[in-house]
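What follows is a short report on a single structure.
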Amino acid sequence: MNISRFLKISLYVIGILAIKVTHAQVIYPIDKAEILAGSIFDIKVEFKQVVSPTEVSIEVNGVPVNKVISAKPEFIADEGGKGSSIIFRDVQLLKAGKYNVIARTPQEKLVVTWDVYSSGPRRVKNVILFIGDGMTIANRTAARVLSKGISEGKYQGRLAFDDMPSTAMIGTSGSDSLITDSANSMSAYTTGHKTAVNAMGVYVSRASDNLSHPKVETITELLKRKTKMSVGIVSDAELQDATPGAMVAHTRRRADKQYIADQLYSSGVEVILGGGSAYFYPQSTKGSKRKDEKNLLEIFKADGYQVALTKQELIAAAENKNTKKLFGVFHPDNMDGSLDRFFLKKNTVMHYPNQPDLTEMTQSAIDVLSRNANGFFLMVEAALIDKFNHPLDWERAAFDTIMLSNAVQIAKDFAKTHPDTLIIVTPDHTHSGSISGVVHDDRPGPLREKVGIYAGAGYPNYPKADIQGYPNQIDVSKRLAFFYGNYPDHYETLHPKLDGTFVPAVKGEGSKYIANPKYIQLQEDAIHVGGNLPSHQDVGVHTADDAVLNAMGPGSEKFKGFMDNTEVFKVMVQTLGLGSK
């Protein structure tokens, strides 16, 4: 045989072998997934070829899949023209251990390994999970400076979560990207599974319908199925936003807000407090964002919920000893931040003057949930930290970090008399801010020369904070020089935005964003900063920096060192004993 013919035959054989033994990540749950024993999830296998069911072989730990799971398969002959798929819905694996899954056709071999883990008995009665959405270390530092003060290098106090005994660094990346969003990062906390940007409660497959992707059980569903505990959801964002949505929803797209609103009701959660009223009113109501005539407020009322639409109604309902279920919605969109509500009266405060504080929602939720002798799980989100970090408005983000600290203090006070309570405080992801010095208005020269660094920084001169931890003035003559590491084109003023949340960039020609000219008009010496993000981006973005988690109470000792975000779920369910028989 000549060498040319030998090479041709060899390449042909290699090609055939490559087709026959293709290892691809098209089994869901994905490779190295950690799964709570007894939890409910879907298995999906996606082949690159169109095959018949008789050509498919699936084994789990060396035996046919039907010997391990009782769920009946659904076969899709050709899913979207991309190949055949098989789905097993509502699967449970009761025994802990390694599970090696192999799916074969004549053309393909797909392999994943899962780690199914159990738990010991329940160790804790209550769990309170605080999410400082997008909270980075610099937000905490700025909040501490403003609320506690600093003198001769020592802070004059600490935030409520600063002195918690357990600390961990949390990795936040998703299954598809180094950079996460709130949907998949919160979903990791609520399900223990990784997913992709914009998704919650599902693995992102090639399904065309947002609600048809393989589902994984949320902690809300686990608690409702396996315990008699109560569950609460509190957020100062829309209740249909990614973080509260990930407590109850299974969708590829976090934008499915009407569906998420419906899921909030159908979940059976006892306490639901936040913004987003536009998705609870029927389409015919002014301001509604629904596409049907369903009136969720009336449905909640009919199901025995006390309904509150103002701060006063919330407090009255929570104080009523007979209230066991509470639904409160206080804004059609995201609620207003503490800097605006307490001091500046900007953004939408004048239109919605009776919004409760996150502290009032937290206290009300604890009051109602703690009436259940079986315990409760409460998620509280300080969502506006993220909403203000995005437009580079660090002062507003700092005030809402102070508000989060106040809410955490309420939980700590509860834990003093209920020591069987686990409290966790963590971001879902981070932003890029950092403090580089102090701005001194009295220094001569261009604006950038007013930034004091090292010994020239000195200290800011914010007034002493009030009893809630808020200084009553932020546009002082010596201010924190707080800068973000990623940004669109914008004008840097080195002053707080007293007329409303910063809008760094506006639409220019085509799809490009340009620096908002409003700020050069307001302040002639504002510095034009060329963006370091793509030109279609009008605000800052999330970062892959580790998130800092703090915790106290039974089970908190498990939070230490570096941990993946899915391990937060693992600690919670193991401490609650949800993986025990």
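Ligands are numbered from 1 in the order shown, chains are lettered A, B, ... in the order of the structure tokens, and residues start at 1 in each chain.
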
Quick one: everything within 8 Å of segment 191-196 of chain A, counting only C-alpha atoms, minus sequence neighbours fewer than 6 positions away in the same chain. Send it as a PyMOL selection string. chain A and resi 33-35+174-177+180+184-185+202-204+216-219+565-570

Take the residues from that selection and write them out as a PDB file, in the first residue's frame, keeping N, CA and C atoms.
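again_20.pdb was written with the following content:
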```pdb
ATOM      1  N   ALA A  33     -22.048  18.216  38.586  1.00  0.00           N
ATOM      2  CA  ALA A  33     -23.144  18.814  39.347  1.00  0.00           C
ATOM      3  C   ALA A  33     -23.245  18.133  40.710  1.00  0.00           C
ATOM      4  N   GLU A  34     -23.546  18.933  41.735  1.00  0.00           N
ATOM      5  CA  GLU A  34     -23.816  18.405  43.074  1.00  0.00           C
ATOM      6  C   GLU A  34     -25.316  18.492  43.307  1.00  0.00           C
ATOM      7  N   ILE A  35     -25.915  17.382  43.704  1.00  0.00           N
ATOM      8  CA  ILE A  35     -27.371  17.265  43.775  1.00  0.00           C
ATOM      9  C   ILE A  35     -27.770  16.789  45.160  1.00  0.00           C
ATOM     10  N   GLY A 174     -21.143  31.686  36.233  1.00  0.00           N
ATOM     11  CA  GLY A 174     -22.201  30.783  35.815  1.00  0.00           C
ATOM     12  C   GLY A 174     -21.691  29.683  34.906  1.00  0.00           C
ATOM     13  N   SER A 175     -22.612  28.863  34.416  1.00  0.00           N
ATOM     14  CA  SER A 175     -22.234  27.724  33.583  1.00  0.00           C
ATOM     15  C   SER A 175     -21.771  28.145  32.202  1.00  0.00           C
ATOM     16  N   ASP A 176     -22.145  29.352  31.783  1.00  0.00           N
ATOM     17  CA  ASP A 176     -21.827  29.785  30.423  1.00  0.00           C
ATOM     18  C   ASP A 176     -20.847  30.933  30.355  1.00  0.00           C
ATOM     19  N   SER A 177     -20.538  31.574  31.499  1.00  0.00           N
ATOM     20  CA  SER A 177     -19.744  32.799  31.436  1.00  0.00           C
ATOM     21  C   SER A 177     -19.054  33.079  32.763  1.00  0.00           C
ATOM     22  N   THR A 180     -21.426  36.795  35.787  1.00  0.00           N
ATOM     23  CA  THR A 180     -22.789  36.343  36.062  1.00  0.00           C
ATOM     24  C   THR A 180     -23.766  37.511  36.069  1.00  0.00           C
ATOM     25  N   ASN A 184     -28.836  33.924  37.391  1.00  0.00           N
ATOM     26  CA  ASN A 184     -28.156  32.640  37.595  1.00  0.00           C
ATOM     27  C   ASN A 184     -27.342  32.603  38.885  1.00  0.00           C
ATOM     28  N   SER A 185     -26.863  33.746  39.365  1.00  0.00           N
ATOM     29  CA  SER A 185     -26.122  33.726  40.631  1.00  0.00           C
ATOM     30  C   SER A 185     -27.062  33.459  41.812  1.00  0.00           C
ATOM     31  N   VAL A 202     -33.465  26.500  36.066  1.00  0.00           N
ATOM     32  CA  VAL A 202     -33.387  25.565  34.946  1.00  0.00           C
ATOM     33  C   VAL A 202     -31.939  25.451  34.485  1.00  0.00           C
ATOM     34  N   TYR A 203     -31.632  24.350  33.805  1.00  0.00           N
ATOM     35  CA  TYR A 203     -30.426  24.284  32.984  1.00  0.00           C
ATOM     36  C   TYR A 203     -30.791  24.778  31.597  1.00  0.00           C
ATOM     37  N   VAL A 204     -29.926  25.565  30.999  1.00  0.00           N
ATOM     38  CA  VAL A 204     -30.229  26.134  29.690  1.00  0.00           C
ATOM     39  C   VAL A 204     -29.879  25.125  28.606  1.00  0.00           C
ATOM     40  N   VAL A 216     -34.759  22.399  37.972  1.00  0.00           N
ATOM     41  CA  VAL A 216     -34.194  21.933  39.239  1.00  0.00           C
ATOM     42  C   VAL A 216     -35.002  22.557  40.373  1.00  0.00           C
ATOM     43  N   GLU A 217     -35.211  21.821  41.421  1.00  0.00           N
ATOM     44  CA  GLU A 217     -36.082  22.260  42.509  1.00  0.00           C
ATOM     45  C   GLU A 217     -35.456  23.413  43.281  1.00  0.00           C
ATOM     46  N   THR A 218     -36.266  24.416  43.621  1.00  0.00           N
ATOM     47  CA  THR A 218     -35.783  25.540  44.426  1.00  0.00           C
ATOM     48  C   THR A 218     -35.912  25.214  45.911  1.00  0.00           C
ATOM     49  N   ILE A 219     -35.223  25.981  46.722  1.00  0.00           N
ATOM     50  CA  ILE A 219     -35.306  25.762  48.172  1.00  0.00           C
ATOM     51  C   ILE A 219     -36.712  26.031  48.682  1.00  0.00           C
ATOM     52  N   ASN A 565     -20.637  29.391  44.696  1.00  0.00           N
ATOM     53  CA  ASN A 565     -21.950  29.873  45.128  1.00  0.00           C
ATOM     54  C   ASN A 565     -22.951  28.735  45.328  1.00  0.00           C
ATOM     55  N   THR A 566     -22.814  27.623  44.610  1.00  0.00           N
ATOM     56  CA  THR A 566     -23.722  26.499  44.828  1.00  0.00           C
ATOM     57  C   THR A 566     -23.571  25.894  46.217  1.00  0.00           C
ATOM     58  N   GLU A 567     -22.414  26.103  46.843  1.00  0.00           N
ATOM     59  CA  GLU A 567     -22.182  25.557  48.185  1.00  0.00           C
ATOM     60  C   GLU A 567     -22.951  26.323  49.262  1.00  0.00           C
ATOM     61  N   VAL A 568     -23.400  27.518  48.966  1.00  0.00           N
ATOM     62  CA  VAL A 568     -24.245  28.248  49.917  1.00  0.00           C
ATOM     63  C   VAL A 568     -25.561  27.494  50.087  1.00  0.00           C
ATOM     64  N   PHE A 569     -26.135  27.079  48.967  1.00  0.00           N
ATOM     65  CA  PHE A 569     -27.334  26.224  49.019  1.00  0.00           C
ATOM     66  C   PHE A 569     -27.042  24.961  49.815  1.00  0.00           C
ATOM     67  N   LYS A 570     -25.915  24.345  49.548  1.00  0.00           N
ATOM     68  CA  LYS A 570     -25.575  23.077  50.201  1.00  0.00           C
ATOM     69  C   LYS A 570     -25.519  23.230  51.714  1.00  0.00           C
TER      70      LYS A 570
END
```

Any idea what's packed within 7 Å of segment 457-461 of chain A, counting only C-alpha atoms, ignoring anything in its chain fewer than 6 positions away? Could you give it as JSON, numbers by chain? {"A": [437, 438, 476, 478, 479, 480]}

Proximity check segment 255-314 of chain A to segment 348-359 of chain A, 10 Å, nearest pairs one decimal Å, only C-alpha atoms, as a tab-separated table:
```
residue	atom	partner	partner_atom	distance
A:Leu273	CA	A:Leu358	CA	9.5
A:Gly274	CA	A:Leu358	CA	8.8
A:Gly275	CA	A:Gln355	CA	9.3
A:Leu309	CA	A:Gln355	CA	8.4
A:Thr310	CA	A:Asn354	CA	5.3
A:Lys311	CA	A:Pro356	CA	4.5
A:Gln312	CA	A:Asn354	CA	7.5
A:Glu313	CA	A:Asn354	CA	9.6
A:Leu314	CA	A:Pro356	CA	7.9
```

Selection from above, N, CA and C atoms, as a PDB file, in the first residue's frame, can you write it?
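Written out: result.pdb:
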```
ATOM      1  N   LEU A 273     -43.107  40.724  50.098  1.00  0.00           N
ATOM      2  CA  LEU A 273     -43.098  42.179  50.278  1.00  0.00           C
ATOM      3  C   LEU A 273     -42.095  42.807  49.322  1.00  0.00           C
ATOM      4  N   GLY A 274     -42.519  43.872  48.613  1.00  0.00           N
ATOM      5  CA  GLY A 274     -41.589  44.565  47.724  1.00  0.00           C
ATOM      6  C   GLY A 274     -42.274  45.461  46.728  1.00  0.00           C
ATOM      7  N   GLY A 275     -41.605  45.686  45.598  1.00  0.00           N
ATOM      8  CA  GLY A 275     -42.148  46.509  44.526  1.00  0.00           C
ATOM      9  C   GLY A 275     -42.727  45.646  43.417  1.00  0.00           C
ATOM     10  N   LEU A 309     -50.546  48.055  50.978  1.00  0.00           N
ATOM     11  CA  LEU A 309     -50.077  48.865  49.856  1.00  0.00           C
ATOM     12  C   LEU A 309     -49.284  50.086  50.313  1.00  0.00           C
ATOM     13  N   THR A 310     -49.197  50.315  51.616  1.00  0.00           N
ATOM     14  CA  THR A 310     -48.423  51.428  52.167  1.00  0.00           C
ATOM     15  C   THR A 310     -47.659  50.947  53.399  1.00  0.00           C
ATOM     16  N   LYS A 311     -46.712  51.775  53.833  1.00  0.00           N
ATOM     17  CA  LYS A 311     -45.950  51.468  55.044  1.00  0.00           C
ATOM     18  C   LYS A 311     -46.877  51.301  56.242  1.00  0.00           C
ATOM     19  N   GLN A 312     -47.851  52.175  56.363  1.00  0.00           N
ATOM     20  CA  GLN A 312     -48.758  52.133  57.504  1.00  0.00           C
ATOM     21  C   GLN A 312     -49.580  50.841  57.508  1.00  0.00           C
ATOM     22  N   GLU A 313     -50.059  50.448  56.328  1.00  0.00           N
ATOM     23  CA  GLU A 313     -50.836  49.212  56.236  1.00  0.00           C
ATOM     24  C   GLU A 313     -49.963  47.995  56.527  1.00  0.00           C
ATOM     25  N   LEU A 314     -48.707  48.035  56.112  1.00  0.00           N
ATOM     26  CA  LEU A 314     -47.781  46.935  56.379  1.00  0.00           C
ATOM     27  C   LEU A 314     -47.588  46.738  57.874  1.00  0.00           C
TER      28      LEU A 314
END
```

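Closest to Leu264 of chain A among A:Glu152, A:Asp115, A:Glu221, A:Asp413 is A:Glu221, based on only C-alpha atoms.
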
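The space separating atom CA of Lys558 of chain A from atom CA of Asn126 of chain A comes to 16.5 Å.
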
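Using only C-alpha atoms, the contacts of Gln409 of chain A at a cut-off of 9 Å, with sequence neighbours closer than 3 positions omitted, comprise A:Leu159, A:Ala160, A:Phe161, A:Thr359, A:Leu404, A:Ser405, A:Asn406, A:Lys412, A:Asp413, A:Phe414.
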
Expected file: the selected residues, C-alpha atoms, as a PDB file, in the first residue's frame:
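Saved to part19.pdb:
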```
ATOM      1  CA  LEU A 159     -21.806  47.414  60.225  1.00  0.00           C
ATOM      2  CA  ALA A 160     -24.137  44.751  61.569  1.00  0.00           C
ATOM      3  CA  PHE A 161     -22.518  42.002  59.500  1.00  0.00           C
ATOM      4  CA  THR A 359     -35.933  47.423  57.827  1.00  0.00           C
ATOM      5  CA  LEU A 404     -28.995  46.531  54.647  1.00  0.00           C
ATOM      6  CA  SER A 405     -26.899  46.735  57.821  1.00  0.00           C
ATOM      7  CA  ASN A 406     -29.923  48.051  59.720  1.00  0.00           C
ATOM      8  CA  LYS A 412     -29.505  39.684  64.897  1.00  0.00           C
ATOM      9  CA  ASP A 413     -31.793  41.090  67.582  1.00  0.00           C
ATOM     10  CA  PHE A 414     -34.291  38.320  66.776  1.00  0.00           C
TER      11      PHE A 414
END
```

Skip segment 72-82 of chain A itself and residues of its chain fewer than 3 positions away, then list as a ChimeraX atom specification all residues within 9 Å of it, counting only C-alpha atoms. /A:46-53,66,69,85-89,206-208

Using only C-alpha atoms, please write the residues we just selected to a file, as a short mmCIF file (atom, residue, chain, number, x, y, z; two decimals), in the first residue's frame.
```cif
data_model
loop_
_atom_site.label_atom_id
_atom_site.label_comp_id
_atom_site.auth_asym_id
_atom_site.auth_seq_id
_atom_site.Cartn_x
_atom_site.Cartn_y
_atom_site.Cartn_z
CA GLU A 46 -29.36 16.10 23.76
CA PHE A 47 -27.85 14.25 20.81
CA LYS A 48 -26.31 15.96 17.82
CA GLN A 49 -27.84 13.39 15.46
CA VAL A 50 -31.43 12.40 14.69
CA VAL A 51 -31.90 8.87 16.03
CA SER A 52 -34.73 6.50 16.88
CA PRO A 53 -35.54 5.62 20.51
CA ASN A 66 -34.99 2.59 34.16
CA ILE A 69 -35.19 6.11 38.15
CA SER A 85 -33.50 14.64 22.79
CA ILE A 86 -34.74 12.62 25.74
CA ILE A 87 -36.19 14.20 28.90
CA PHE A 88 -36.95 12.56 32.24
CA ARG A 89 -39.12 14.89 34.34
CA ARG A 206 -31.68 23.98 23.27
CA ALA A 207 -35.41 24.10 24.05
CA SER A 208 -37.11 26.94 22.21
#
```

Given only C-alpha atoms as the counted atoms, nearest of A:Leu178, A:Ala455, A:Ala138, A:Val60 to Ala544 of chain A: A:Leu178

List the spatial neighbours of segment 132-134 of chain A as a PyMOL selection string - criterion: any atom at most 6 Å away, only C-alpha atoms, same-chain residues fewer than 5 positions off excluded. chain A and resi 382-383+385-386+426-431

Fewer than 3 positions away in the same chain doesn't count, so skip those; otherwise give me all residues within 10 Å of Gln363 of chain A, counting only C-alpha atoms, as a ChimeraX atom specification. /A:315,318,357-360,366-369,407-408,410-411,414

Prev. selection, N, CA and C atoms, output as an mmCIF file, in the first residue's frame:
```
data_model
loop_
_atom_site.group_PDB
_atom_site.id
_atom_site.type_symbol
_atom_site.label_atom_id
_atom_site.label_comp_id
_atom_site.auth_asym_id
_atom_site.auth_seq_id
_atom_site.Cartn_x
_atom_site.Cartn_y
_atom_site.Cartn_z
ATOM 1 N N ILE A 315 -47.273 47.809 58.567
ATOM 2 C CA ILE A 315 -46.992 47.708 59.999
ATOM 3 C C ILE A 315 -48.226 47.244 60.762
ATOM 4 N N ALA A 318 -48.767 43.476 60.099
ATOM 5 C CA ALA A 318 -47.776 42.637 60.770
ATOM 6 C C ALA A 318 -48.002 42.586 62.270
ATOM 7 N N ASP A 357 -39.388 51.086 54.546
ATOM 8 C CA ASP A 357 -37.952 50.845 54.471
ATOM 9 C C ASP A 357 -37.712 49.333 54.436
ATOM 10 N N LEU A 358 -36.528 48.924 53.989
ATOM 11 C CA LEU A 358 -36.177 47.506 54.033
ATOM 12 C C LEU A 358 -36.222 46.985 55.469
ATOM 13 N N THR A 359 -35.886 47.844 56.421
ATOM 14 C CA THR A 359 -35.933 47.423 57.827
ATOM 15 C C THR A 359 -37.360 47.132 58.259
ATOM 16 N N GLU A 360 -38.289 47.965 57.826
ATOM 17 C CA GLU A 360 -39.694 47.749 58.201
ATOM 18 C C GLU A 360 -40.252 46.495 57.539
ATOM 19 N N ILE A 366 -40.411 39.004 59.733
ATOM 20 C CA ILE A 366 -40.031 38.172 60.883
ATOM 21 C C ILE A 366 -41.196 38.044 61.857
ATOM 22 N N ASP A 367 -41.912 39.142 62.101
ATOM 23 C CA ASP A 367 -43.051 39.098 63.023
ATOM 24 C C ASP A 367 -44.089 38.062 62.576
ATOM 25 N N VAL A 368 -44.390 38.058 61.289
ATOM 26 C CA VAL A 368 -45.416 37.144 60.774
ATOM 27 C C VAL A 368 -44.887 35.716 60.685
ATOM 28 N N LEU A 369 -43.707 35.539 60.120
ATOM 29 C CA LEU A 369 -43.167 34.192 59.909
ATOM 30 C C LEU A 369 -42.881 33.469 61.221
ATOM 31 N N ALA A 407 -31.174 46.355 58.516
ATOM 32 C CA ALA A 407 -32.068 45.201 58.410
ATOM 33 C C ALA A 407 -31.432 43.965 59.043
ATOM 34 N N VAL A 408 -30.129 43.788 58.817
ATOM 35 C CA VAL A 408 -29.420 42.655 59.415
ATOM 36 C C VAL A 408 -29.440 42.759 60.939
ATOM 37 N N ILE A 410 -31.783 43.886 62.755
ATOM 38 C CA ILE A 410 -33.093 43.394 63.205
ATOM 39 C C ILE A 410 -33.069 41.871 63.318
ATOM 40 N N ALA A 411 -32.466 41.219 62.325
ATOM 41 C CA ALA A 411 -32.362 39.756 62.371
ATOM 42 C C ALA A 411 -31.475 39.315 63.534
ATOM 43 N N PHE A 414 -33.393 39.476 66.696
ATOM 44 C CA PHE A 414 -34.291 38.320 66.776
ATOM 45 C C PHE A 414 -33.521 37.081 67.218
#
```

Determine which residues of segment 367-441 of chain A receive a DSSP assignment of alpha helix (DSSP H), computed from the backbone, and state them as an NGL selection string. :A and (367-369 or 384-389 or 394-417)

Can you build me a table of segment 143-213 of chain A residues sitting at most 7 Å from segment 545-550 of chain A, with the closest atom pair per residue and its distance in Å to one decimal, using only C-alpha atoms, sorted by chain and residue number, as a Markdown table?
```
| residue | atom | partner | partner_atom | distance |
| --- | --- | --- | --- | --- |
| A:Phe161 | CA | A:Asn550 | CA | 6.4 |
| A:Met164 | CA | A:Asn550 | CA | 5.9 |
| A:Ser166 | CA | A:Asn550 | CA | 5.6 |
| A:Thr167 | CA | A:Asn550 | CA | 4.6 |
| A:Ala168 | CA | A:Leu549 | CA | 5.2 |
| A:Met169 | CA | A:Val548 | CA | 4.9 |
| A:Ile170 | CA | A:Ala547 | CA | 4.9 |
| A:Gly171 | CA | A:Asp546 | CA | 5.2 |
| A:Thr172 | CA | A:Asp546 | CA | 6.9 |
```

Generate the output file for the selected residues, C-alpha atoms, as an mmCIF file, in the first residue's frame.
```cif
data_model
loop_
_atom_site.group_PDB
_atom_site.id
_atom_site.type_symbol
_atom_site.label_atom_id
_atom_site.label_comp_id
_atom_site.auth_asym_id
_atom_site.auth_seq_id
_atom_site.Cartn_x
_atom_site.Cartn_y
_atom_site.Cartn_z
ATOM 1 C CA PHE A 161 -22.518 42.002 59.500
ATOM 2 C CA MET A 164 -20.239 37.869 62.292
ATOM 3 C CA SER A 166 -17.888 33.187 59.839
ATOM 4 C CA THR A 167 -16.571 34.599 56.559
ATOM 5 C CA ALA A 168 -16.122 33.056 53.119
ATOM 6 C CA MET A 169 -15.145 34.228 49.666
ATOM 7 C CA ILE A 170 -17.772 33.214 47.110
ATOM 8 C CA GLY A 171 -17.130 32.471 43.444
ATOM 9 C CA THR A 172 -20.062 33.663 41.346
#
```

Which of segment 53-293 of chain A fall in strand (DSSP E), as a ChimeraX atom specification: /A:57-60,63-64,73-76,85-91,97-104,109-117,126-132,150-151,154-155,166-171,230-238,271-275

Near-segment 509-523 of chain A list (10 Å; only C-alpha atoms; drop same-chain fewer than 2 positions) as a VMD selection string: chain A and resid 488 to 493 495 497 502 to 507 525 to 531 534 to 539

Residues of the last selection are to be written out with N, CA and C atoms, as a PDB file, in the first residue's frame.
```
ATOM      1  N   PRO A 488     -19.224  53.269  30.982  1.00  0.00           N
ATOM      2  CA  PRO A 488     -19.425  53.829  29.650  1.00  0.00           C
ATOM      3  C   PRO A 488     -18.798  55.221  29.592  1.00  0.00           C
ATOM      4  N   ASP A 489     -18.835  55.857  28.448  1.00  0.00           N
ATOM      5  CA  ASP A 489     -18.464  57.270  28.369  1.00  0.00           C
ATOM      6  C   ASP A 489     -19.325  58.051  29.362  1.00  0.00           C
ATOM      7  N   HIS A 490     -18.702  58.949  30.120  1.00  0.00           N
ATOM      8  CA  HIS A 490     -19.486  59.756  31.058  1.00  0.00           C
ATOM      9  C   HIS A 490     -18.669  60.964  31.492  1.00  0.00           C
ATOM     10  N   TYR A 491     -19.309  61.879  32.179  1.00  0.00           N
ATOM     11  CA  TYR A 491     -18.632  63.021  32.775  1.00  0.00           C
ATOM     12  C   TYR A 491     -18.501  62.779  34.275  1.00  0.00           C
ATOM     13  N   GLU A 492     -17.275  62.823  34.767  1.00  0.00           N
ATOM     14  CA  GLU A 492     -17.018  62.653  36.195  1.00  0.00           C
ATOM     15  C   GLU A 492     -17.082  64.011  36.865  1.00  0.00           C
ATOM     16  N   THR A 493     -18.006  64.157  37.827  1.00  0.00           N
ATOM     17  CA  THR A 493     -18.174  65.438  38.523  1.00  0.00           C
ATOM     18  C   THR A 493     -17.523  65.444  39.901  1.00  0.00           C
ATOM     19  N   HIS A 495     -18.919  64.862  42.486  1.00  0.00           N
ATOM     20  CA  HIS A 495     -19.954  65.356  43.405  1.00  0.00           C
ATOM     21  C   HIS A 495     -21.113  64.374  43.426  1.00  0.00           C
ATOM     22  N   LYS A 497     -24.955  63.179  43.148  1.00  0.00           N
ATOM     23  CA  LYS A 497     -26.015  63.609  42.235  1.00  0.00           C
ATOM     24  C   LYS A 497     -27.268  63.891  43.058  1.00  0.00           C
ATOM     25  N   PHE A 502     -27.691  59.114  39.058  1.00  0.00           N
ATOM     26  CA  PHE A 502     -26.775  59.431  37.968  1.00  0.00           C
ATOM     27  C   PHE A 502     -27.194  58.695  36.690  1.00  0.00           C
ATOM     28  N   VAL A 503     -27.180  59.416  35.583  1.00  0.00           N
ATOM     29  CA  VAL A 503     -27.419  58.830  34.262  1.00  0.00           C
ATOM     30  C   VAL A 503     -26.149  59.087  33.455  1.00  0.00           C
ATOM     31  N   PRO A 504     -25.174  58.180  33.517  1.00  0.00           N
ATOM     32  CA  PRO A 504     -23.852  58.482  32.954  1.00  0.00           C
ATOM     33  C   PRO A 504     -23.828  58.643  31.442  1.00  0.00           C
ATOM     34  N   ALA A 505     -24.656  57.903  30.712  1.00  0.00           N
ATOM     35  CA  ALA A 505     -24.586  57.928  29.246  1.00  0.00           C
ATOM     36  C   ALA A 505     -25.983  57.943  28.654  1.00  0.00           C
ATOM     37  N   VAL A 506     -26.095  58.535  27.481  1.00  0.00           N
ATOM     38  CA  VAL A 506     -27.367  58.608  26.759  1.00  0.00           C
ATOM     39  C   VAL A 506     -27.139  58.157  25.323  1.00  0.00           C
ATOM     40  N   LYS A 507     -28.208  57.842  24.638  1.00  0.00           N
ATOM     41  CA  LYS A 507     -28.118  57.338  23.266  1.00  0.00           C
ATOM     42  C   LYS A 507     -27.562  58.408  22.343  1.00  0.00           C
ATOM     43  N   ASP A 525     -16.407  72.118  34.943  1.00  0.00           N
ATOM     44  CA  ASP A 525     -15.110  71.445  35.035  1.00  0.00           C
ATOM     45  C   ASP A 525     -15.235  69.927  35.143  1.00  0.00           C
ATOM     46  N   ALA A 526     -16.443  69.387  34.874  1.00  0.00           N
ATOM     47  CA  ALA A 526     -16.605  67.932  34.879  1.00  0.00           C
ATOM     48  C   ALA A 526     -15.642  67.308  33.869  1.00  0.00           C
ATOM     49  N   ILE A 527     -15.095  66.157  34.218  1.00  0.00           N
ATOM     50  CA  ILE A 527     -14.073  65.503  33.406  1.00  0.00           C
ATOM     51  C   ILE A 527     -14.724  64.504  32.468  1.00  0.00           C
ATOM     52  N   HIS A 528     -14.448  64.629  31.174  1.00  0.00           N
ATOM     53  CA  HIS A 528     -14.947  63.621  30.238  1.00  0.00           C
ATOM     54  C   HIS A 528     -14.091  62.362  30.367  1.00  0.00           C
ATOM     55  N   VAL A 529     -14.761  61.235  30.623  1.00  0.00           N
ATOM     56  CA  VAL A 529     -14.078  59.960  30.775  1.00  0.00           C
ATOM     57  C   VAL A 529     -14.516  59.054  29.627  1.00  0.00           C
ATOM     58  N   GLY A 530     -13.576  58.669  28.808  1.00  0.00           N
ATOM     59  CA  GLY A 530     -13.882  57.737  27.733  1.00  0.00           C
ATOM     60  C   GLY A 530     -14.139  56.356  28.282  1.00  0.00           C
ATOM     61  N   GLY A 531     -15.200  55.726  27.855  1.00  0.00           N
ATOM     62  CA  GLY A 531     -15.581  54.432  28.403  1.00  0.00           C
ATOM     63  C   GLY A 531     -14.602  53.328  28.093  1.00  0.00           C
ATOM     64  N   PRO A 534     -17.940  48.257  25.847  1.00  0.00           N
ATOM     65  CA  PRO A 534     -18.436  48.429  24.479  1.00  0.00           C
ATOM     66  C   PRO A 534     -19.350  49.647  24.380  1.00  0.00           C
ATOM     67  N   SER A 535     -19.365  50.279  23.226  1.00  0.00           N
ATOM     68  CA  SER A 535     -20.077  51.556  23.062  1.00  0.00           C
ATOM     69  C   SER A 535     -21.592  51.419  23.152  1.00  0.00           C
ATOM     70  N   HIS A 536     -22.113  50.188  23.076  1.00  0.00           N
ATOM     71  CA  HIS A 536     -23.561  50.012  23.231  1.00  0.00           C
ATOM     72  C   HIS A 536     -23.970  49.904  24.695  1.00  0.00           C
ATOM     73  N   GLN A 537     -23.013  50.002  25.613  1.00  0.00           N
ATOM     74  CA  GLN A 537     -23.293  49.856  27.038  1.00  0.00           C
ATOM     75  C   GLN A 537     -23.465  51.235  27.664  1.00  0.00           C
ATOM     76  N   ASP A 538     -24.565  51.452  28.396  1.00  0.00           N
ATOM     77  CA  ASP A 538     -24.828  52.780  28.961  1.00  0.00           C
ATOM     78  C   ASP A 538     -24.590  52.868  30.465  1.00  0.00           C
ATOM     79  N   VAL A 539     -24.278  51.734  31.111  1.00  0.00           N
ATOM     80  CA  VAL A 539     -23.977  51.725  32.551  1.00  0.00           C
ATOM     81  C   VAL A 539     -22.848  50.744  32.812  1.00  0.00           C
TER      82      VAL A 539
END
```

Pick the closest to Gly579 of chain A from A:Pro106, A:Gly456, A:Pro165, A:Pro121: which is it, counting only C-alpha atoms? A:Pro121

Report the distance between atom CA of Ile474 of chain A and atom CA of Ile150 of chain A in Å, rounded to one decimal place.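 That distance, rounded to one decimal, is 15.5 Å.
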